[in-house]
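Data from entry.csv: CSV, C-alpha atoms
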chain,number,residue,atom,x,y,z
A,1,MET,CA,-21.2,5.2,-7.1
A,2,SER,CA,-17.5,5.8,-6.6
A,3,THR,CA,-16.9,2.9,-4.2
A,4,LEU,CA,-13.7,1.1,-4.5
A,5,THR,CA,-13.9,-2.7,-4.3
A,6,LEU,CA,-10.8,-4.8,-3.7
A,7,ARG,CA,-10.8,-8.6,-3.5
A,8,THR,CA,-8.3,-11.3,-3.8
A,9,GLU,CA,-8.6,-14.0,-6.5
A,10,GLY,CA,-7.1,-17.2,-5.1
A,11,ASP,CA,-3.9,-16.4,-3.3
A,12,LYS,CA,-2.2,-14.9,-6.4
A,13,TYR,CA,-4.2,-11.9,-7.6
A,14,VAL,CA,-5.9,-8.8,-6.4
A,15,VAL,CA,-8.8,-7.4,-8.4
A,16,VAL,CA,-9.8,-3.8,-7.9
A,17,THR,CA,-12.9,-2.1,-9.4
A,18,ARG,CA,-13.9,1.5,-9.3
A,19,ARG,CA,-16.5,3.5,-11.2
A,20,PHE,CA,-15.9,6.9,-12.6
A,21,ALA,CA,-18.4,9.6,-13.8
A,22,ALA,CA,-16.3,10.2,-17.0
A,23,PRO,CA,-16.4,8.1,-20.2
A,24,PRO,CA,-13.6,5.4,-20.8
A,25,GLU,CA,-11.7,7.8,-23.2
A,26,ALA,CA,-11.1,10.3,-20.4
A,27,VAL,CA,-10.2,7.7,-17.8
A,28,TYR,CA,-7.9,5.9,-20.2
A,29,ARG,CA,-6.2,9.2,-21.0
A,30,ALA,CA,-5.7,9.9,-17.3
A,31,HIS,CA,-3.8,6.6,-17.1
A,32,THR,CA,-1.6,7.2,-20.2
A,33,GLU,CA,-0.8,10.9,-20.5
A,34,PRO,CA,2.1,11.9,-18.3
A,35,LYS,CA,0.7,15.4,-17.6
A,36,LEU,CA,-2.5,13.8,-16.3
A,37,VAL,CA,-1.0,10.8,-14.5
A,38,GLN,CA,1.3,13.2,-12.6
A,39,LYS,CA,-1.8,14.9,-11.0
A,40,TRP,CA,-3.4,12.0,-9.3
A,41,LEU,CA,-1.1,9.0,-9.0
A,42,LEU,CA,0.4,10.2,-5.8
A,43,GLY,CA,-0.5,8.0,-2.8
A,44,PRO,CA,-0.6,9.6,0.6
A,45,ASP,CA,-1.1,13.4,1.1
A,46,GLY,CA,2.0,15.5,0.8
A,47,TRP,CA,3.6,13.5,-2.1
A,48,THR,CA,4.3,14.8,-5.6
A,49,MET,CA,5.5,13.2,-8.8
A,50,PRO,CA,8.3,15.4,-10.2
A,51,VAL,CA,9.3,12.8,-12.8
A,52,CYS,CA,6.6,11.1,-14.9
A,53,ILE,CA,7.7,9.1,-18.0
A,54,CYS,CA,4.8,7.2,-19.5
A,55,GLU,CA,5.3,6.1,-23.1
A,56,ALA,CA,1.9,4.6,-24.0
A,57,LYS,CA,2.9,2.2,-26.7
A,58,PRO,CA,4.0,-1.5,-26.7
A,59,HIS,CA,7.5,-1.7,-25.0
A,60,GLY,CA,7.0,1.9,-23.9
A,61,LYS,CA,8.8,2.9,-20.7
A,62,ILE,CA,7.2,3.8,-17.5
A,63,ARG,CA,9.1,5.7,-14.8
A,64,TYR,CA,7.4,7.5,-11.9
A,65,GLU,CA,9.4,9.3,-9.2
A,66,TRP,CA,7.8,10.4,-6.1
A,67,ALA,CA,9.0,13.0,-3.5
A,68,ASN,CA,7.6,14.3,-0.3
A,69,GLY,CA,10.1,17.0,0.3
A,70,LYS,CA,11.5,15.1,3.3
A,71,GLY,CA,14.0,12.9,1.6
A,72,GLY,CA,11.6,9.9,1.3
A,73,ASP,CA,11.9,9.8,-2.4
A,74,PHE,CA,11.4,6.5,-4.3
A,75,TYR,CA,10.5,5.4,-7.8
A,76,LEU,CA,8.8,2.8,-9.9
A,77,THR,CA,9.8,1.6,-13.3
A,78,GLY,CA,7.8,-0.5,-15.8
A,79,GLU,CA,7.0,-1.2,-19.4
A,80,PHE,CA,3.8,-1.3,-21.4
A,81,ILE,CA,2.9,-4.6,-23.0
A,82,GLU,CA,-0.4,-4.1,-24.7
A,83,LEU,CA,-2.6,-1.1,-25.2
A,84,GLU,CA,-6.1,-1.1,-26.7
A,85,PRO,CA,-7.0,2.6,-26.7
A,86,TYR,CA,-9.8,3.6,-24.3
A,87,ARG,CA,-10.4,-0.1,-23.3
A,88,ARG,CA,-7.5,-1.9,-21.9
A,89,ILE,CA,-3.9,-1.5,-20.7
A,90,VAL,CA,-1.4,-4.3,-19.8
A,91,HIS,CA,1.9,-3.3,-18.2
A,92,VAL,CA,4.5,-4.6,-15.8
A,93,GLU,CA,5.9,-2.5,-13.0
A,94,ARG,CA,8.2,-2.8,-10.0
A,95,MET,CA,8.9,-0.5,-7.1
A,96,HIS,CA,12.5,0.4,-6.1
A,97,LEU,CA,12.7,0.5,-2.4
A,98,PRO,CA,15.6,0.9,-3.3
A,99,ASP,CA,15.9,-2.8,-4.3
A,100,ALA,CA,13.5,-3.7,-7.0
A,101,THR,CA,10.4,-5.7,-6.0
A,102,PRO,CA,9.4,-8.6,-8.3
A,103,ASP,CA,7.6,-7.6,-11.5
A,104,ASN,CA,3.9,-7.0,-11.1
A,105,ARG,CA,1.9,-7.6,-14.3
A,106,ILE,CA,-1.2,-5.4,-14.2
A,107,GLU,CA,-4.2,-5.5,-16.5
A,108,THR,CA,-6.5,-2.5,-16.4
A,109,ARG,CA,-9.8,-2.5,-18.3
A,110,PHE,CA,-12.1,0.5,-18.9
A,111,ASP,CA,-15.7,-0.6,-19.6
A,112,PRO,CA,-18.5,1.8,-20.5
A,113,ASP,CA,-21.0,2.0,-17.6
A,114,GLY,CA,-23.9,4.2,-18.4
A,115,THR,CA,-22.3,7.6,-19.1
A,116,GLY,CA,-19.3,6.7,-17.0
A,117,THR,CA,-16.7,4.0,-16.8
A,118,LEU,CA,-16.2,0.8,-14.8
A,119,MET,CA,-12.5,0.3,-14.3
A,120,THR,CA,-11.2,-3.2,-13.4
A,121,MET,CA,-7.6,-3.7,-12.5
A,122,ARG,CA,-6.1,-7.1,-11.9
A,123,MET,CA,-2.7,-7.3,-10.4
A,124,THR,CA,-0.4,-9.9,-8.9
A,125,LEU,CA,-0.5,-10.2,-5.1
A,126,PRO,CA,3.1,-9.7,-4.0
A,127,ASP,CA,4.8,-12.4,-1.9
A,128,VAL,CA,5.3,-12.1,1.8
A,129,GLU,CA,8.7,-10.5,1.6
A,130,THR,CA,7.6,-7.9,-1.0
A,131,ARG,CA,4.5,-7.0,1.0
A,132,THR,CA,6.6,-6.6,4.2
A,133,ARG,CA,9.1,-4.4,2.3
A,134,MET,CA,6.2,-2.3,0.9
A,135,LEU,CA,4.6,-2.0,4.3
A,136,THR,CA,7.8,-1.2,6.1
A,137,SER,CA,8.8,1.4,3.4
A,138,GLY,CA,5.4,2.9,3.7
A,139,MET,CA,5.9,3.4,7.4
A,140,GLU,CA,9.3,4.9,6.8
A,141,ARG,CA,7.9,7.2,4.3
A,142,GLY,CA,5.5,8.9,6.7
A,143,MET,CA,2.5,6.6,6.5
A,144,GLU,CA,2.9,5.9,10.1
A,145,ALA,CA,1.6,9.3,10.9
A,146,SER,CA,-1.6,8.6,9.0
A,147,TYR,CA,-2.0,5.3,10.8
A,148,VAL,CA,-1.6,7.0,14.1
A,149,ARG,CA,-4.2,9.6,13.0
A,150,LEU,CA,-6.5,6.7,12.0
A,151,GLU,CA,-6.0,5.0,15.4
A,152,GLY,CA,-6.9,8.3,17.0
A,153,ILE,CA,-10.2,8.4,15.1
A,154,ILE,CA,-11.1,4.8,15.9
B,1,MET,CA,12.2,-8.0,7.4
B,2,LEU,CA,10.4,-11.1,8.3
B,3,ASP,CA,12.5,-14.1,7.8
B,4,LEU,CA,12.4,-17.6,9.4
B,5,ASP,CA,15.8,-17.4,11.1
B,6,THR,CA,14.8,-14.2,12.9
B,7,THR,CA,11.5,-15.7,13.8
B,8,PHE,CA,12.9,-19.0,15.1
B,9,SER,CA,15.6,-17.2,17.0
B,10,ALA,CA,13.1,-15.0,18.7
B,11,LEU,CA,11.0,-18.0,19.6
B,12,SER,CA,14.0,-20.0,21.0
B,13,ASP,CA,13.8,-18.2,24.3
B,14,PRO,CA,11.2,-19.5,26.9
B,15,THR,CA,10.5,-16.0,28.4
B,16,ARG,CA,9.7,-14.7,24.9
B,17,ARG,CA,7.4,-17.7,24.2
B,18,ALA,CA,5.7,-17.0,27.6
B,19,ILE,CA,5.3,-13.3,26.7
B,20,LEU,CA,3.6,-14.3,23.4
B,21,GLY,CA,1.3,-16.7,25.3
B,22,ARG,CA,0.3,-13.8,27.6
B,23,LEU,CA,-0.3,-11.5,24.6
B,24,ALA,CA,-2.5,-14.1,23.0
B,25,LEU,CA,-5.0,-13.1,25.7
B,26,GLY,CA,-4.9,-9.4,24.7
B,27,GLU,CA,-2.9,-6.2,24.6
B,28,GLN,CA,-0.6,-5.6,27.7
B,29,THR,CA,1.8,-2.9,28.8
B,30,VAL,CA,5.4,-3.7,29.7
B,31,MET,CA,4.6,-3.3,33.4
B,32,GLU,CA,1.7,-5.8,33.1
B,33,LEU,CA,4.0,-8.2,31.2
B,34,ALA,CA,6.8,-7.9,33.7
B,35,GLN,CA,4.6,-8.7,36.8
B,36,PRO,CA,4.5,-12.6,36.6
B,37,PHE,CA,8.2,-12.8,35.6
B,38,ASP,CA,11.0,-12.4,38.0
B,39,MET,CA,12.6,-9.8,35.7
B,40,SER,CA,13.1,-6.1,35.5
B,41,GLN,CA,11.2,-4.0,33.1
B,42,PRO,CA,14.3,-3.2,31.0
B,43,ALA,CA,14.9,-7.0,30.6
B,44,ILE,CA,11.4,-7.5,29.5
B,45,SER,CA,11.7,-4.5,27.1
B,46,LYS,CA,14.7,-6.1,25.6
B,47,HIS,CA,12.7,-9.3,24.9
B,48,LEU,CA,9.9,-7.2,23.4
B,49,ARG,CA,12.4,-5.5,21.0
B,50,VAL,CA,13.5,-8.9,19.8
B,51,LEU,CA,9.9,-10.0,19.3
B,52,GLU,CA,9.1,-6.8,17.6
B,53,SER,CA,12.0,-6.9,15.2
B,54,ALA,CA,11.0,-10.5,14.3
B,55,GLY,CA,7.5,-9.2,13.4
B,56,LEU,CA,5.8,-11.2,16.1
B,57,ILE,CA,4.5,-8.4,18.1
B,58,ALA,CA,3.3,-4.8,17.4
B,59,ARG,CA,3.3,-1.9,19.7
B,60,ARG,CA,1.4,1.4,19.7
B,61,VAL,CA,1.9,4.6,21.6
B,62,GLU,CA,-0.5,5.6,24.3
B,63,GLY,CA,0.9,8.5,26.2
B,64,ALA,CA,4.1,7.3,27.9
B,65,LYS,CA,3.1,3.7,27.5
B,66,ARG,CA,3.7,1.4,24.5
B,67,PRO,CA,1.2,-1.4,24.8
B,68,CYS,CA,2.1,-4.6,23.0
B,69,ARG,CA,-0.1,-7.0,21.1
B,70,LEU,CA,0.5,-10.0,18.9
B,71,ALA,CA,1.3,-9.0,15.3
B,72,LYS,CA,-1.0,-10.3,12.7
B,73,GLY,CA,0.7,-13.1,10.8
B,74,GLY,CA,0.0,-15.2,7.7
B,75,VAL,CA,-3.3,-14.4,6.1
B,76,ASP,CA,-3.7,-11.4,8.3
B,77,ALA,CA,-0.5,-9.9,7.0
B,78,ILE,CA,-2.1,-10.0,3.5
B,79,ASP,CA,-5.1,-8.1,5.0
B,80,GLN,CA,-2.8,-5.5,6.4
B,81,TRP,CA,-1.1,-5.1,3.0
B,82,LEU,CA,-4.5,-5.0,1.2
B,83,ALA,CA,-5.7,-2.3,3.6
B,84,MET,CA,-2.6,-0.2,2.8
B,85,LEU,CA,-3.2,-0.7,-0.9
B,86,ARG,CA,-6.9,0.2,-0.6
B,87,LYS,CA,-6.1,3.4,1.3
B,88,ALA,CA,-3.5,4.5,-1.3
B,89,LEU,CA,-5.8,3.6,-4.2
B,90,ALA,CA,-8.8,5.3,-2.7
B,91,GLY,CA,-6.9,8.5,-2.2
B,92,ASN,CA,-5.6,8.4,-5.8
B,93,TYR,CA,-9.0,7.7,-7.4
B,94,ASP,CA,-10.6,10.5,-5.4
B,95,ARG,CA,-8.0,12.8,-6.9
B,96,LEU,CA,-8.7,11.3,-10.3
B,97,ASP,CA,-12.5,12.0,-9.9
B,98,ALA,CA,-11.6,15.7,-9.5
B,99,LEU,CA,-9.2,15.6,-12.5
B,100,LEU,CA,-11.8,14.0,-14.7
B,101,ALA,CA,-14.4,16.6,-13.7
B,102,ASP,CA,-11.9,19.3,-14.8
B,103,MET,CA,-11.2,17.5,-18.1
B,104,LYS,CA,-14.9,17.7,-19.1
B,105,PRO,CA,-15.3,21.5,-19.6
B,106,SER,CA,-12.3,21.7,-22.0
B,107,LYS,CA,-14.0,19.1,-24.2
B,108,GLY,CA,-17.2,21.1,-24.1
B,109,ARG,CA,-15.4,24.2,-25.1
B,110,ARG,CA,-14.0,22.4,-28.1
B,111,LYS,CA,-17.5,21.6,-29.3
B,112,ARG,CA,-18.7,25.1,-29.1
Could I get this structure in the form of structure tokens?
Amino acid sequence: MSTLTLRTEGDKYVVVTRRFAAPPEAVYRAHTEPKLVQKWLLGPDGWTMPVCICEAKPHGKIRYEWANGKGGDFYLTGEFIELEPYRRIVHVERMHLPDATPDNRIETRFDPDGTGTLMTMRMTLPDVETRTRMLTSGMERGMEASYVRLEGII
Amino acid sequence: MLDLDTTFSALSDPTRRAILGRLALGEQTVMELAQPFDMSQPAISKHLRVLESAGLIARRVEGAKRPCRLAKGGVDAIDQWLAMLRKALAGNYDRLDALLADMKPSKGRRKR
């Protein structure tokens, strides 16, 4: 039902799918209304998004700032390119770690699936250097603790 | 950061290449690695730090020991990154499920 699938497409793209029990309109709104985005787009436990700018219109600005209360703050900026309400969003984004990662163009589709939604997100697979930076910054930002916990479980 | 200069420089030393060869057989502690070499543990540890900062080995904590293993490179590094992405997304979407469930009642109330 709510299983996440994640696969690579060639060596350039990552395609993620996820089903939601709610209709496309609700899932789309949760991706485009700042007050809603702020509640779930948080990453590991313990993080909040004190700043959420999400201007859902062509050329509209995106800026998400995350904080964990331990000085690990970082942010993401981006721009919307195309929006088809309740069906499809195309945007670019980059992480600031603190140097900006290369632009990642992401297409997100929301297709009706029974009474729910099948979401399909297609993004660019970052290059080795960017991946390493993201992995390393993840570690610095307290993800190491969760990996250690995970190893403890295994 | 992984870069070729760091990697090549780490690989330029024969002891370090030998250490990598040993680790290809499986995870080992510093003490186990030091045995076949005529070197002190601190000297081996120094080599391990070079290999670790070049991204060639990884270490985990097990009590007072820090066993070493070969770091995954190339395609495996992509898998590692994808695993991190999956974990982050899975957590986000579980939260989104809860949010979407909360959004439904307000819509119902509007209809009434």
Practice prompt. Compile the residues of chain A that lie within 8 Å of chain B, evaluated using all atoms listed in the file, and express the compilation as a PyMOL selection string.
Written response: chain A and resi 4+6+20-22+26-27+30+36+39-44+128-129+131-133+135
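A straight line drawn from CA of Phe74 (chain A) to CA of Pro34 (chain A) is 17.7 Å long.
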Worksheet item: Do you know which residues are at most 7 Å from region 69-72 of chain B counting all atoms listed in the file, after dropping those on the same chain fewer than 4 positions away, and could you put them as a VMD selection string?
Response: chain B and resid 20 23 to 24 26 to 28 55 to 59 76 to 77
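The environment of Val51 (chain A) within 10 Å, counting all atoms listed in the file and disregarding residues fewer than 6 places along the same chain, consists of Pro34, Gln38, Arg63, Tyr64, Glu65, Trp66, Ala67 and Tyr75 of chain A.
In this structure, CA of Thr115 (chain A) sits 18.6 Å away from CA of His31 (chain A).
CA of Glu62 (chain B) sits 17.3 Å away from CA of Arg49 (chain B).
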Discussion item. Can you tell me which residues surround Lys61 (chain A) at a distance of at most 10 Å, considering only C-alpha atoms, apart from same-chain residues fewer than 5 positions away, and format the answer as a ChimeraX atom specification?
Written reply: /A:53-56,77-81,91-93
